[in-house]
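Below is upload-v4.cif, holding mmCIF, C-alpha atoms.
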```cif
data_work
#
loop_
_atom_site.label_atom_id
_atom_site.label_comp_id
_atom_site.auth_asym_id
_atom_site.auth_seq_id
_atom_site.Cartn_x
_atom_site.Cartn_y
_atom_site.Cartn_z
CA ARG L 172 -31.41 -18.53 35.52
CA GLN L 173 -34.50 -16.33 35.77
CA ALA L 174 -32.65 -13.55 33.96
CA GLN L 175 -31.79 -15.99 31.16
CA ASP L 176 -35.40 -17.12 30.89
CA ASP L 177 -36.63 -13.52 30.82
CA LEU L 178 -34.24 -12.68 27.99
CA ASN L 179 -35.19 -15.82 26.06
CA THR L 180 -38.86 -14.93 26.47
CA ALA L 181 -38.22 -11.39 25.22
CA VAL L 182 -36.40 -12.69 22.13
CA LEU L 183 -39.23 -15.11 21.36
CA ARG L 184 -41.81 -12.34 21.80
CA ASP L 185 -39.85 -10.16 19.37
CA LEU L 186 -39.80 -13.02 16.84
CA GLN L 187 -43.58 -13.27 17.17
CA ALA L 188 -44.15 -9.53 16.82
CA LEU L 189 -41.55 -8.60 14.21
CA VAL L 190 -41.02 -11.71 12.07
CA ILE L 191 -44.12 -13.91 12.27
CA VAL L 192 -46.82 -11.29 13.09
CA ASP L 193 -49.78 -13.61 12.33
CA SER L 194 -50.97 -14.89 15.72
CA GLU L 195 -52.96 -17.67 14.02
CA SER L 196 -49.95 -19.20 12.22
CA PRO L 197 -48.44 -22.52 13.41
CA GLU L 198 -45.06 -20.80 13.84
CA PHE L 199 -46.57 -18.22 16.22
CA ARG L 200 -48.29 -20.92 18.28
CA ALA L 201 -45.12 -23.02 18.43
CA LEU L 202 -43.19 -20.10 19.92
CA GLU L 203 -46.08 -19.42 22.32
CA SER L 204 -45.76 -22.98 23.62
CA ARG L 205 -42.05 -22.40 24.20
CA ILE L 206 -42.76 -19.17 26.09
CA GLU L 207 -45.34 -20.91 28.28
CA TRP L 208 -42.80 -23.62 29.09
CA LEU L 209 -40.22 -21.00 30.12
CA ASN L 210 -42.75 -19.30 32.37
CA LEU L 211 -43.89 -22.51 34.05
CA ARG L 212 -40.61 -24.30 34.78
CA PRO L 213 -39.22 -23.98 38.34
CA ASN L 214 -36.76 -21.17 38.97
CA GLU L 215 -33.81 -23.21 40.20
CA ALA L 216 -30.83 -21.53 41.79
CA THR L 217 -27.97 -20.86 39.41
CA SER L 218 -24.30 -20.11 39.82
CA ASP L 219 -22.86 -16.61 39.82
CA SER L 220 -22.03 -16.95 36.13
CA THR L 221 -22.11 -13.65 34.29
CA GLU L 222 -23.15 -15.29 31.02
CA ILE L 223 -26.24 -13.83 29.38
CA GLY L 224 -28.87 -16.32 28.29
CA TYR L 225 -29.90 -16.26 24.63
CA VAL L 226 -31.78 -18.24 22.01
CA SER L 227 -29.26 -19.92 19.73
CA ILE L 228 -29.78 -19.88 16.00
CA ASP L 229 -29.56 -23.69 16.05
CA SER L 230 -32.59 -23.84 18.34
CA ILE L 231 -34.53 -21.53 16.00
CA ALA L 232 -33.55 -23.69 13.01
CA LEU L 233 -34.65 -26.81 14.89
CA GLU L 234 -38.04 -25.24 15.62
CA CYS L 235 -38.46 -24.34 11.95
CA GLU L 236 -37.62 -27.92 10.99
CA ARG L 237 -40.18 -29.29 13.44
CA ILE L 238 -42.88 -27.07 11.96
CA ALA L 239 -42.03 -28.06 8.37
CA ALA L 240 -41.85 -31.75 9.27
CA LYS L 241 -45.47 -31.71 10.42
CA VAL L 242 -46.44 -32.28 6.79
CA PHE L 243 -45.45 -35.93 7.30
CA ARG L 244 -48.00 -36.41 10.10
CA SER L 245 -50.98 -38.60 9.25
CA ASP L 246 -53.47 -36.00 10.53
CA VAL L 247 -51.92 -33.17 8.49
CA ARG L 248 -51.26 -35.08 5.26
CA PRO L 249 -54.90 -35.23 4.01
CA ILE L 250 -55.33 -31.48 4.64
CA ALA L 251 -52.03 -30.62 2.98
CA PHE L 252 -52.93 -32.56 -0.14
CA GLN L 253 -56.09 -30.49 -0.65
CA GLY L 254 -54.19 -27.35 -1.66
CA ILE L 255 -50.86 -25.56 -1.61
CA TYR L 256 -49.23 -25.71 1.80
CA SER L 257 -46.47 -23.18 2.34
CA LEU L 258 -44.69 -21.72 5.37
CA PRO L 259 -43.75 -18.08 4.65
CA ASP L 260 -42.48 -17.42 8.17
CA VAL L 261 -40.25 -20.50 8.17
CA ASP L 262 -38.91 -19.48 4.74
CA THR L 263 -38.22 -15.92 5.89
CA THR L 264 -36.70 -16.95 9.23
CA MET L 265 -34.28 -19.48 7.72
CA GLU L 266 -33.30 -17.11 4.90
CA THR L 267 -32.51 -14.48 7.56
CA LEU L 268 -30.42 -16.92 9.61
CA GLY L 269 -28.49 -17.96 6.51
CA ARG L 270 -27.87 -14.34 5.60
CA ALA L 271 -26.56 -13.66 9.11
CA VAL L 272 -24.06 -16.51 8.78
CA LEU L 273 -23.03 -15.24 5.35
CA HIS L 274 -22.37 -11.74 6.68
CA ARG L 275 -20.33 -13.13 9.57
CA MET L 276 -18.15 -14.77 6.92
CA GLY L 277 -17.48 -11.33 5.46
CA PHE L 278 -19.31 -12.07 2.19
CA CYS L 279 -19.46 -9.16 -0.23
CA GLN L 280 -21.49 -9.35 -3.43
CA ALA L 281 -20.09 -6.17 -4.96
CA ASP L 282 -17.72 -6.85 -7.88
CA ARG L 283 -18.12 -10.61 -7.41
CA ILE L 284 -16.92 -12.53 -10.48
CA TYR L 285 -18.91 -15.65 -11.34
CA ASP L 286 -17.64 -18.76 -13.10
CA ARG L 287 -19.91 -18.93 -16.17
CA ASN L 288 -18.92 -22.59 -16.72
CA ARG L 289 -19.92 -23.81 -13.27
CA VAL L 290 -23.27 -24.83 -11.76
CA VAL L 291 -24.03 -25.92 -8.19
CA LEU L 292 -26.90 -28.26 -7.33
CA LEU L 293 -27.99 -28.11 -3.69
CA VAL L 294 -29.83 -31.32 -2.78
CA SER L 295 -31.11 -33.02 0.36
CA GLY L 296 -29.92 -36.42 -0.88
CA PHE L 297 -30.88 -38.98 -3.50
CA VAL L 298 -33.51 -41.72 -3.68
CA PRO L 299 -33.29 -43.24 -7.21
CA ASN L 300 -36.70 -44.93 -7.03
CA GLY L 301 -38.40 -42.10 -5.14
CA GLY L 302 -40.14 -40.52 -8.09
CA GLY L 303 -39.46 -38.16 -10.96
CA VAL L 304 -37.21 -35.69 -9.14
CA PHE L 305 -34.14 -37.94 -9.25
CA ARG L 306 -34.57 -38.49 -12.99
CA GLU L 307 -35.03 -34.76 -13.52
CA ILE L 308 -31.82 -33.98 -11.62
CA LYS L 309 -29.94 -36.57 -13.68
CA GLU L 310 -31.19 -35.04 -16.92
CA ILE L 311 -30.24 -31.53 -15.80
CA VAL L 312 -26.77 -32.62 -14.70
CA HIS L 313 -25.93 -34.61 -17.83
CA SER L 314 -27.37 -31.94 -20.14
CA LEU L 315 -25.14 -29.34 -18.48
CA VAL L 316 -22.13 -31.65 -18.71
CA ASP L 317 -22.83 -32.08 -22.43
CA CYS L 318 -22.69 -28.29 -22.71
CA GLY L 319 -19.22 -28.25 -21.17
CA MET L 320 -20.29 -27.13 -17.68
CA LYS L 321 -18.66 -28.17 -14.41
CA ILE L 322 -21.18 -29.47 -11.87
CA ASP L 323 -20.79 -29.41 -8.10
CA ILE L 324 -23.46 -31.35 -6.17
CA ILE L 325 -23.71 -30.43 -2.49
CA SER L 326 -25.95 -32.60 -0.30
CA THR L 327 -27.16 -31.42 3.07
CA GLY L 328 -27.38 -35.07 4.15
CA ARG L 329 -31.01 -34.74 5.18
CA ILE L 330 -31.72 -37.81 3.03
CA GLU L 331 -29.16 -40.56 3.57
CA THR L 332 -27.46 -41.36 0.27
CA ASP L 333 -25.38 -44.42 -0.54
CA ILE L 334 -22.13 -43.35 -2.23
CA ALA L 335 -22.76 -46.16 -4.75
CA ILE L 336 -25.64 -44.06 -6.12
CA ILE L 337 -23.23 -41.24 -6.88
CA GLU L 338 -20.67 -43.59 -8.42
CA THR L 339 -23.36 -45.17 -10.61
CA HIS L 340 -25.23 -42.09 -11.81
CA PHE L 341 -22.79 -39.17 -11.49
CA ALA L 342 -19.38 -40.64 -12.35
CA ASP L 343 -18.37 -38.05 -14.95
CA PRO L 344 -15.05 -36.23 -14.23
CA ALA L 345 -16.90 -32.91 -14.65
CA ILE L 346 -19.11 -33.74 -11.64
CA SER L 347 -18.02 -33.41 -8.02
CA TYR L 348 -20.04 -34.49 -4.98
CA CYS L 349 -19.90 -33.33 -1.38
CA GLN L 350 -22.14 -34.41 1.50
CA LEU L 351 -22.39 -32.37 4.68
CA ASP L 352 -22.39 -34.07 8.08
CA HIS L 353 -25.74 -33.04 9.59
CA THR L 354 -24.69 -34.45 12.98
CA HIS L 355 -22.56 -31.33 13.45
CA GLY L 356 -25.70 -29.21 13.78
CA SER L 357 -27.91 -27.34 11.36
CA MET L 358 -26.13 -23.99 11.31
CA ALA L 359 -22.67 -25.60 11.15
CA CYS L 360 -23.86 -27.31 7.94
CA VAL L 361 -25.22 -24.00 6.66
CA SER L 362 -21.86 -22.34 7.29
CA GLU L 363 -19.96 -25.15 5.56
CA ALA L 364 -22.20 -25.10 2.49
CA LEU L 365 -22.08 -21.30 2.22
CA THR L 366 -18.28 -21.40 2.44
CA ILE L 367 -18.07 -23.93 -0.39
CA ILE L 368 -20.46 -22.08 -2.70
CA GLU L 369 -18.90 -18.69 -1.92
CA ARG L 370 -15.55 -20.10 -3.04
CA LEU L 371 -16.95 -21.71 -6.20
CA ALA L 372 -18.86 -18.57 -7.32
CA PRO L 373 -21.09 -20.55 -9.73
CA ASP L 374 -23.09 -19.11 -12.57
CA ARG L 375 -26.26 -20.81 -11.33
CA LEU L 376 -27.51 -22.45 -8.15
CA TYR L 377 -30.29 -25.07 -8.41
CA PRO L 378 -31.82 -26.04 -5.03
CA PHE L 379 -33.69 -29.36 -4.78
CA ILE L 380 -34.59 -29.47 -1.08
CA THR L 381 -36.98 -31.83 0.64
CA HIS L 382 -39.99 -30.83 2.73
CA HIS L 383 -38.17 -30.16 6.02
CA ASP L 384 -34.63 -29.38 4.86
CA VAL L 385 -34.19 -26.03 6.60
CA VAL L 386 -30.40 -26.25 6.10
CA GLY L 387 -30.84 -26.19 2.33
CA LEU L 388 -33.36 -23.38 2.71
CA ALA L 389 -30.88 -21.24 4.68
CA VAL L 390 -28.15 -21.86 2.09
CA MET L 391 -30.35 -20.39 -0.67
CA GLN L 392 -28.79 -16.93 -0.61
CA GLN L 393 -28.88 -14.18 -3.20
CA GLY L 394 -25.52 -13.31 -4.70
CA LEU L 395 -23.78 -16.63 -4.03
CA ALA L 396 -24.48 -17.53 -7.67
CA ARG L 397 -25.25 -15.20 -10.54
CA GLU L 398 -28.73 -16.70 -10.67
CA LEU L 399 -30.76 -18.86 -8.26
CA LEU L 400 -33.31 -21.07 -10.04
CA PHE L 401 -35.84 -22.92 -7.88
CA ASP L 402 -37.46 -26.05 -9.30
CA PHE L 403 -40.99 -26.24 -7.92
CA VAL L 404 -41.91 -29.66 -6.52
CA TYR L 405 -45.59 -29.89 -5.51
CA ASP L 406 -45.51 -32.81 -3.12
CA HIS L 407 -47.43 -33.38 0.12
CA GLY L 408 -49.02 -30.07 -0.93
CA LEU L 409 -45.85 -28.42 0.39
CA SER L 410 -42.95 -26.72 -1.31
CA LEU L 411 -40.52 -25.45 1.30
CA GLY L 412 -38.70 -22.26 0.34
CA ILE L 413 -41.04 -20.71 -2.23
CA HIS L 414 -41.24 -17.46 -0.24
CA SER L 415 -37.46 -16.95 -0.16
CA SER L 416 -36.61 -13.52 -1.58
CA SER L 417 -33.28 -14.88 -2.81
CA ILE L 418 -34.94 -16.87 -5.62
CA ASP L 419 -34.63 -15.27 -9.06
CA ARG L 420 -37.03 -17.57 -10.91
CA ILE L 421 -39.28 -20.47 -9.95
CA ILE L 422 -39.64 -23.17 -12.60
CA THR L 423 -43.08 -24.82 -12.79
CA LYS L 424 -44.10 -27.76 -15.00
CA THR L 425 -47.80 -27.09 -15.59
CA ASN L 426 -50.30 -24.25 -15.74
CA SER L 427 -52.03 -25.61 -12.64
CA GLN L 428 -48.77 -25.40 -10.66
CA ALA L 429 -48.20 -21.82 -11.81
CA SER L 430 -51.81 -20.89 -10.99
CA ALA L 431 -51.51 -22.32 -7.47
CA LEU L 432 -48.24 -20.49 -6.82
CA ALA L 433 -49.56 -17.21 -8.24
CA LEU L 434 -51.87 -17.01 -5.23
CA GLU L 435 -48.88 -17.11 -2.88
CA ILE L 436 -46.07 -15.22 -4.61
CA ASP L 437 -45.44 -12.64 -7.34
CA PRO L 438 -46.42 -14.29 -10.67
CA SER L 439 -43.59 -12.45 -12.46
CA ARG L 440 -41.13 -14.81 -10.73
CA LEU L 441 -42.73 -17.89 -12.32
CA VAL L 442 -41.62 -19.69 -15.48
CA ILE L 443 -43.58 -22.58 -17.02
CA LEU L 444 -41.36 -25.26 -18.55
CA ALA L 445 -43.20 -28.44 -19.56
CA PRO L 446 -41.52 -31.80 -18.75
CA PHE L 447 -41.37 -32.68 -22.47
CA PHE L 448 -39.99 -29.30 -23.49
CA THR L 449 -37.43 -30.73 -25.89
CA ALA L 450 -38.35 -32.85 -28.92
CA ARG L 451 -37.54 -36.51 -28.20
CA PHE L 452 -38.92 -37.99 -31.40
CA VAL L 453 -38.48 -37.26 -35.12
CA THR L 454 -42.18 -37.93 -35.68
CA ASN L 455 -45.12 -38.06 -33.29
CA PRO L 456 -45.27 -41.67 -31.99
CA TYR L 457 -48.77 -41.37 -30.53
CA GLU L 458 -51.50 -43.52 -32.10
CA PRO L 459 -55.02 -42.85 -30.76
CA LEU L 460 -56.77 -45.88 -29.23
CA ARG L 461 -53.87 -48.10 -30.24
CA ASN L 462 -55.05 -50.81 -27.83
CA GLY L 463 -58.52 -50.90 -29.38
CA THR L 464 -59.98 -49.04 -26.41
CA LEU L 465 -59.29 -45.93 -24.35
CA THR L 466 -56.11 -46.38 -22.27
CA THR L 467 -55.56 -44.12 -19.27
CA ALA L 468 -52.74 -43.97 -16.75
CA SER L 469 -51.81 -42.39 -13.44
CA ALA L 470 -48.74 -42.52 -11.23
CA ALA L 471 -47.59 -42.12 -7.62
CA ALA L 472 -44.12 -42.73 -6.22
CA ARG L 473 -45.50 -43.78 -2.80
CA SER L 474 -48.39 -46.18 -2.15
CA TYR L 475 -49.99 -44.04 0.56
CA LYS L 476 -50.61 -41.29 -1.99
CA VAL L 477 -53.32 -43.42 -3.58
CA GLU L 478 -54.33 -45.53 -0.60
CA THR L 479 -55.18 -42.63 1.73
CA ASP L 480 -58.75 -41.31 1.53
CA TYR L 481 -58.30 -37.63 0.80
CA ARG L 482 -61.15 -35.40 -0.35
CA TYR L 483 -61.64 -37.86 -3.21
CA SER L 484 -60.66 -41.52 -3.10
CA TYR L 485 -58.40 -42.64 -5.95
CA PHE L 486 -59.84 -46.15 -6.03
CA ASP L 487 -63.46 -44.91 -5.78
CA ILE L 488 -63.05 -42.67 -8.82
CA LEU L 489 -61.17 -45.33 -10.78
CA ALA L 490 -63.73 -48.06 -10.03
CA GLU L 491 -66.59 -45.76 -11.03
CA ALA L 492 -64.89 -44.81 -14.31
CA MET L 493 -64.00 -48.39 -15.24
CA SER L 494 -67.56 -49.58 -14.54
CA ARG L 495 -69.01 -46.90 -16.82
CA ILE L 496 -66.43 -46.76 -19.62
CA ASN L 497 -64.85 -49.57 -21.61
CA MET L 498 -61.33 -48.46 -20.70
CA ARG L 499 -57.99 -49.90 -19.69
CA HIS L 500 -56.11 -48.20 -16.85
CA ILE L 501 -52.42 -48.41 -15.96
CA HIS L 502 -51.12 -47.46 -12.53
CA TYR L 503 -47.42 -46.66 -12.19
CA GLY L 504 -45.86 -46.96 -8.76
CA PRO L 505 -46.12 -49.19 -5.69
CA ILE L 506 -49.42 -50.40 -4.26
CA SER L 507 -49.70 -52.58 -1.17
CA ASP L 508 -50.79 -56.16 -1.84
CA GLN L 509 -53.92 -55.73 0.27
CA ALA L 510 -55.01 -52.50 -1.45
CA LYS L 511 -54.48 -54.06 -4.85
CA LYS L 512 -56.43 -57.20 -3.91
CA ASN L 513 -59.31 -55.13 -2.52
CA PHE L 514 -59.51 -53.09 -5.71
CA LEU L 515 -59.40 -56.10 -8.03
CA ASP L 516 -62.11 -57.81 -5.94
CA ARG L 517 -64.17 -54.64 -6.26
CA LEU L 518 -63.76 -54.59 -10.04
CA SER L 519 -64.67 -58.26 -10.29
CA GLY L 520 -67.74 -57.74 -8.14
CA SER L 521 -68.86 -54.94 -10.46
CA GLY L 522 -68.48 -57.14 -13.53
CA VAL L 523 -65.32 -55.41 -14.75
CA ALA L 524 -62.57 -57.65 -16.15
CA VAL L 525 -59.60 -57.33 -13.81
CA GLU L 526 -57.26 -57.53 -16.83
CA ARG L 527 -58.33 -53.99 -17.67
CA PHE L 528 -56.30 -52.78 -14.68
CA VAL L 529 -52.54 -52.93 -15.26
CA HIS L 530 -50.02 -52.35 -12.49
CA ILE L 531 -46.45 -51.28 -13.36
CA PRO L 532 -44.51 -50.81 -10.09
CA TRP L 533 -41.63 -48.91 -11.72
CA ALA L 534 -40.71 -47.67 -15.20
CA PRO L 535 -37.06 -46.63 -15.78
CA ASP L 536 -38.15 -44.30 -18.59
CA PHE L 537 -41.62 -43.10 -17.66
CA GLY L 538 -42.31 -41.04 -20.80
CA GLN L 539 -41.22 -43.85 -23.11
CA SER L 540 -43.37 -46.31 -21.18
CA LEU L 541 -46.46 -44.14 -21.73
CA VAL L 542 -45.76 -44.28 -25.47
CA ASP L 543 -45.00 -48.02 -25.47
CA GLU L 544 -48.19 -48.82 -23.54
CA GLY L 545 -50.33 -46.74 -25.89
CA VAL L 546 -51.64 -44.40 -23.20
CA ASP L 547 -54.25 -41.96 -24.53
CA VAL L 548 -54.90 -39.91 -21.38
CA PHE L 549 -52.62 -39.40 -18.39
CA ILE L 550 -54.56 -38.43 -15.25
#
```

What is this structure when it is put down as structure tokens?
Amino acid sequence: RQAQDDLNTAVLRDLQALVIVDSESPEFRALESRIEWLNLRPNEATSDSTEIGYVSIDSIALECERIAAKVFRSDVRPIAFQGIYSLPDVDTTMETLGRAVLHRMGFCQADRIYDRNRVVLLVSGFVPNGGGVFREIKEIVHSLVDCGMKIDIISTGRIETDIAIIETHFADPAISYCQLDHTHGSMACVSEALTIIERLAPDRLYPFITHHDVVGLAVMQQGLARELLFDFVYDHGLSLGIHSSSIDRIITKTNSQASALALEIDPSRLVILAPFFTARFVTNPYEPLRNGTLTTASAAARSYKVETDYRYSYFDILAEAMSRINMRHIHYGPISDQAKKNFLDRLSGSGVAVERFVHIPWAPDFGQSLVDEGVDVFI
């Protein structure tokens, strides 16, 4: 077994030197820990097997997933929220592994003919009440269907999805849905997804992958579709995959998103497309100070995003503003009962009428709700 361990150590050292390079990166340190473990474990006697030890691509994918998943840790989350949090070495490594699988399949991009009436959405799964991403995907899908496109949704299964969600929201005959079985292993899922997309030859590929979905990241391969469009989701401070060289264009929603990304990647790859890009109303429905006072609003799909004390406390800033300004504030999204009670007690103790704070746990049509509630400023 010593020979196997020596070879594994050599492969890991090559990954550090040739792929990761930066000795201060979390990826480099993670591999260093693995090397130390190989060097310290007892050298037990092995059989006379002539097999050569090696590091499997599944084990590399698993290590990349572990690194990306650290963004969920309570000690990392406050740091991640303070700025953009990307993993270039994880992005590059998984793109390389996916490309290796694609080449083993015999994929050839030359003279490839794309189906201009077909689009593939690569998702991690669906959570209807998880925030704006699900609504955005629905709008994209149904807009494309209205244009006569065929839509294939491929889920990596990283987020468990009830089939009833698909039947309720994506029941159109032009839409097909396929969910991979992630219990078969990461790279088996990558191979299955690549095989499906290679056969479909879509005009466009839209990836919507979650923070640690390295399978979806590996499937993002240049040439599978005529164009690969990456929708930037700035959540937990992390957007997995932004360093993938296979992406043709990255779609951002605001100037601040584009400015943050421009520090990490080539700005020429960025496109700014505001959420309200299309005209929804014949005339402008906004009426300033419709409620007789300034009405502000903010939103968070998860309660911890406002209940955690990051660099600035959400409730501290809100309490200070409401004590100084005669304003009404609406919060969209869940808040724990205790956090809400503490905040209302704080307002009351400062002489602020608690009725000036409005809590809306969920709005089916967020944009319309902002109009209906007479919001003047969205924070």

Inset, instruction - Run through the PyMOL selection byres ((chain L and resi 516-520) around 10) on the given coordinates and return the selected residues as JSON, numbers by chain. - result: {"L": [486, 487, 489, 490, 491, 493, 494, 510, 511, 512, 513, 514, 515, 521, 522, 523, 524, 525, 526, 527, 528]}

Inset, instruction - Grab the CA of Thr423 in chain L to CA of Leu444 in chain L distance for me, in Å with one decimal place. - result: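 Distance reported for this atom pair: 6.0 Å.
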
Legend entry - Distance criterion (all atoms listed in the file): nearest to Gln393 in chain L out of L:Val192, L:Ile255, L:Val316, L:Ile368: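 Ranking L:Val192, L:Ile255, L:Val316, L:Ile368 by distance to Gln393 in chain L, first place goes to L:Ile368.
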
Inset, instruction - Pick out the residues sitting within 6 Å of Glu266 in chain L, and hand them over as a PyMOL selection string; count all atoms listed in the file, and ignore anything fewer than 3 positions along from it in its own chain. - result: chain L and resi 263+269+389

Limited to C-alpha atoms, could you put the picked residues into a file as a short mmCIF file (atom, residue, chain, number, x, y, z; two decimals), in the frame of the given file?
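Okay, result_0.cif is ready:
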```cif
data_model
loop_
_atom_site.label_atom_id
_atom_site.label_comp_id
_atom_site.auth_asym_id
_atom_site.auth_seq_id
_atom_site.Cartn_x
_atom_site.Cartn_y
_atom_site.Cartn_z
CA THR L 263 -38.22 -15.92 5.89
CA GLY L 269 -28.49 -17.96 6.51
CA ALA L 389 -30.88 -21.24 4.68
#
```

Inset, instruction - Give me, please, the distance in Å between CA of Asp317 in chain L and CA of Ser417 in chain L, quoted to one decimal. - result: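 Atom-to-atom, CA of Asp317 in chain L to CA of Ser417 in chain L, that is 28.1 Å.
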
Inset, instruction - Report as a ChimeraX atom specification the residues that result from applying the PyMOL selection byres ((chain L and resi 543) around 12) to the structure here. - result: /L:456-458,461-462,466,534,536-542,544-547

Inset, instruction - Work out how far apart CA of Ile238 in chain L and CA of Glu435 in chain L are and give it in Å to one decimal. - result: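 Going from CA of Ile238 in chain L over to CA of Glu435 in chain L, I get 18.9 Å.
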
Can you turn the PyMOL selection byres ((chain L and resi 349-364) around 6) into a concrete residue list for this file, as an mmCIF file with C-alpha atoms, in the frame of the given file?
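File written: expr38.cif
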```
data_model
loop_
_atom_site.group_PDB
_atom_site.id
_atom_site.type_symbol
_atom_site.label_atom_id
_atom_site.label_comp_id
_atom_site.auth_asym_id
_atom_site.auth_seq_id
_atom_site.Cartn_x
_atom_site.Cartn_y
_atom_site.Cartn_z
ATOM 1 C CA ASP L 229 -29.560 -23.690 16.050
ATOM 2 C CA ILE L 325 -23.710 -30.430 -2.490
ATOM 3 C CA SER L 326 -25.950 -32.600 -0.300
ATOM 4 C CA THR L 327 -27.160 -31.420 3.070
ATOM 5 C CA GLY L 328 -27.380 -35.070 4.150
ATOM 6 C CA TYR L 348 -20.040 -34.490 -4.980
ATOM 7 C CA LEU L 365 -22.080 -21.300 2.220
ATOM 8 C CA THR L 366 -18.280 -21.400 2.440
ATOM 9 C CA ILE L 367 -18.070 -23.930 -0.390
ATOM 10 C CA VAL L 386 -30.400 -26.250 6.100
ATOM 11 C CA VAL L 390 -28.150 -21.860 2.090
#
```

Inset, instruction - With a distance cut-off of 12 Å and all atoms listed in the file, select the neighbouring residues of Ile336 in chain L, excluding the residue or stretch itself and same-chain residues fewer than 2 positions from it, and output the selection as a list in words. - result: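 Skipping anything fewer than 2 positions along the chain leaves Gly296, Phe297, Val298, Pro299, Asn300, Phe305, Lys309, Glu331, Thr332, Asp333, Ile334, Glu338, Thr339, His340, Phe341, Ala342 and Tyr348 of chain L.
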
Legend entry - Polymer residues at most 12 Å from Asn179 in chain L, only C-alpha atoms, same-chain spacing of 4 or more positions, as a PyMOL selection string: chain L and resi 172-175+183-186+202+205-210+223-227+230-231

Can you write out the residues you just picked, keeping C-alpha atoms, as a compact mmCIF listing (two decimals), keeping the file's coordinate frame?
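So the final result, stored in again-v1.txt, reads:
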```txt
# COMPACT_ATOMS: atom_id res chain seq x y z
CA ARG L 172 -31.41 -18.53 35.52
CA GLN L 173 -34.50 -16.33 35.77
CA ALA L 174 -32.65 -13.55 33.96
CA GLN L 175 -31.79 -15.99 31.16
CA LEU L 183 -39.23 -15.11 21.36
CA ARG L 184 -41.81 -12.34 21.80
CA ASP L 185 -39.85 -10.16 19.37
CA LEU L 186 -39.80 -13.02 16.84
CA LEU L 202 -43.19 -20.10 19.92
CA ARG L 205 -42.05 -22.40 24.20
CA ILE L 206 -42.76 -19.17 26.09
CA GLU L 207 -45.34 -20.91 28.28
CA TRP L 208 -42.80 -23.62 29.09
CA LEU L 209 -40.22 -21.00 30.12
CA ASN L 210 -42.75 -19.30 32.37
CA ILE L 223 -26.24 -13.83 29.38
CA GLY L 224 -28.87 -16.32 28.29
CA TYR L 225 -29.90 -16.26 24.63
CA VAL L 226 -31.78 -18.24 22.01
CA SER L 227 -29.26 -19.92 19.73
CA SER L 230 -32.59 -23.84 18.34
CA ILE L 231 -34.53 -21.53 16.00
```

Legend entry - For Ala271 in chain L, the nearest of the candidates L:Ile531, L:Val190, L:Ala239, L:Ile228, counting only C-alpha atoms: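 That would be L:Ile228, the residue with the smallest distance to Ala271 in chain L.
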
Legend entry - Among listed residues L:Ser439, L:Glu398, L:Ser415, L:Pro532, nearest Arg473 in chain L (using only C-alpha atoms):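 The answer is L:Pro532, which sits nearest to Arg473 in chain L.
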